[in-house]
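Below is one structure, written out as structure tokens; comments come after it.
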Amino acid sequence: MQAAANSTPDQDLVIDGADLSNVTLVGKVVSCAERAGNIDLQISDGTGVISITYFVDSVDSDPQAVPQKVAELRPGTYVRTYGHMRAFQGSWSISAFAVRVVHDFNEVTYHCLQAIFQHMHLAKGAGTGTGGATQQQQAGINSYSGPAAGGWQQKPQQQQGGGYGGGAPVAGPPGMDPCASAVLQVVSDPNTGDSGVHVNDICGRLGPRGFARPQVEAALTFLQNEAHCYTTCDENHWRAT
Amino acid sequence: MNADEPTPRVGFAQLKNMIGRRVLFVGRVESQDVGRAHMAAPDGSKVVIEGASSAFETQFAEVQGVVVDPTTIREESHVDFGENFDMNTYNELLRLANGPHQQMFYQ
């Protein structure tokens, strides 16, 4: 999943009700130095500064890999990093497995917009209007149509209450029960990887909405029978079709 | 991680409320002299950049600096943003990041 700007200093690392593990971050290098064969970076994205340890994987085959990277990642350079969040000495940092220089700066715009999208996606769901949040979502639409004169959300009245513009990948077919529709929404998250979502994660995300594990499992079986989703690497990982 | 001192991404409209604060400002360089440049904000308004540490080498740039008055920023550093940057999309982002989603970016 993509977690953006880490603007909420939540120490339990749950953002919008979703556990945060893998993240991608776009920011400006503040400092960069080699330490014990890895690279220590500090990245600033305007919302804060975070430390990153970058494990360069080609270090065995190319002894120049680390010095080359250090030379490339000068302070002031914009980079996109991929990694996972790590608690270290009472603070959060990132163990990065990729850090690459941004050449097209539209990526900075894109990343900020994706962060907003992801926040909306997690906070409001994917547009089936399950649960009792319809009124709140409606308020979300109204607050949007004001600034959105640029035309990226042309017809809010046709939305099903998602509140964040087009591109929501799925809306449960009418008549699907609320739990199945909520599960389908979780497994259809556009940022889910190839291996899909673990059933524990689905339960974790839907627990607060009042769906218990047996309900979720029954919904998954139903969705599988209806060809809406399938299991991937094992019977606990699910993806939408 | 330290999120105590965010640097808001601002456009022209926010400058008047940000006097004395450190901000990130993206614009198109219109002219530059030694230590001083004129830029067009994403909404087209004119902004003066004082104390440019080095010359702007591309058409678009992101300036980090302190807001002096509603049309002037004193630069601390800048990043050249190349010749191909979509100011319209960025302007829409500024509306979101300083409007309904401000709490994600700064207080």
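Chains: A, B, ... in order of the structure tokens. Residues: from 1 per chain. Ligands: from 1, in order shown.
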
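If you take only C-alpha atoms and a cut-off of 7 Å, the residues of chain A that reach chain B are Ser7, Gly46, Thr47, Gly48, Val49, Ile50, Ser51, Gly76, Ser91, Trp92, Ser93, Phe105, Asn106, Thr109, Leu113 and Pro147 of chain A.
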
One decimal place gives the CA of Ala96 in chain A-CA of Lys28 in chain A separation as 15.0 Å

Give me the residues near range 218-225 of chain A as a VMD selection string, where near means some atom within 8 Å (using only C-alpha atoms) and where sequence neighbours in that chain fewer than 6 positions away do not count.
chain A and resid 179 to 180 183 to 184

In Å to one decimal, how far is CA of Thr53 in chain A from CA of Ala65 in chain A?
15.2 Å

One-decimal distance in Å that lies between CA of Ala33 in chain A and CA of Asp57 in chain A:
16.5 Å
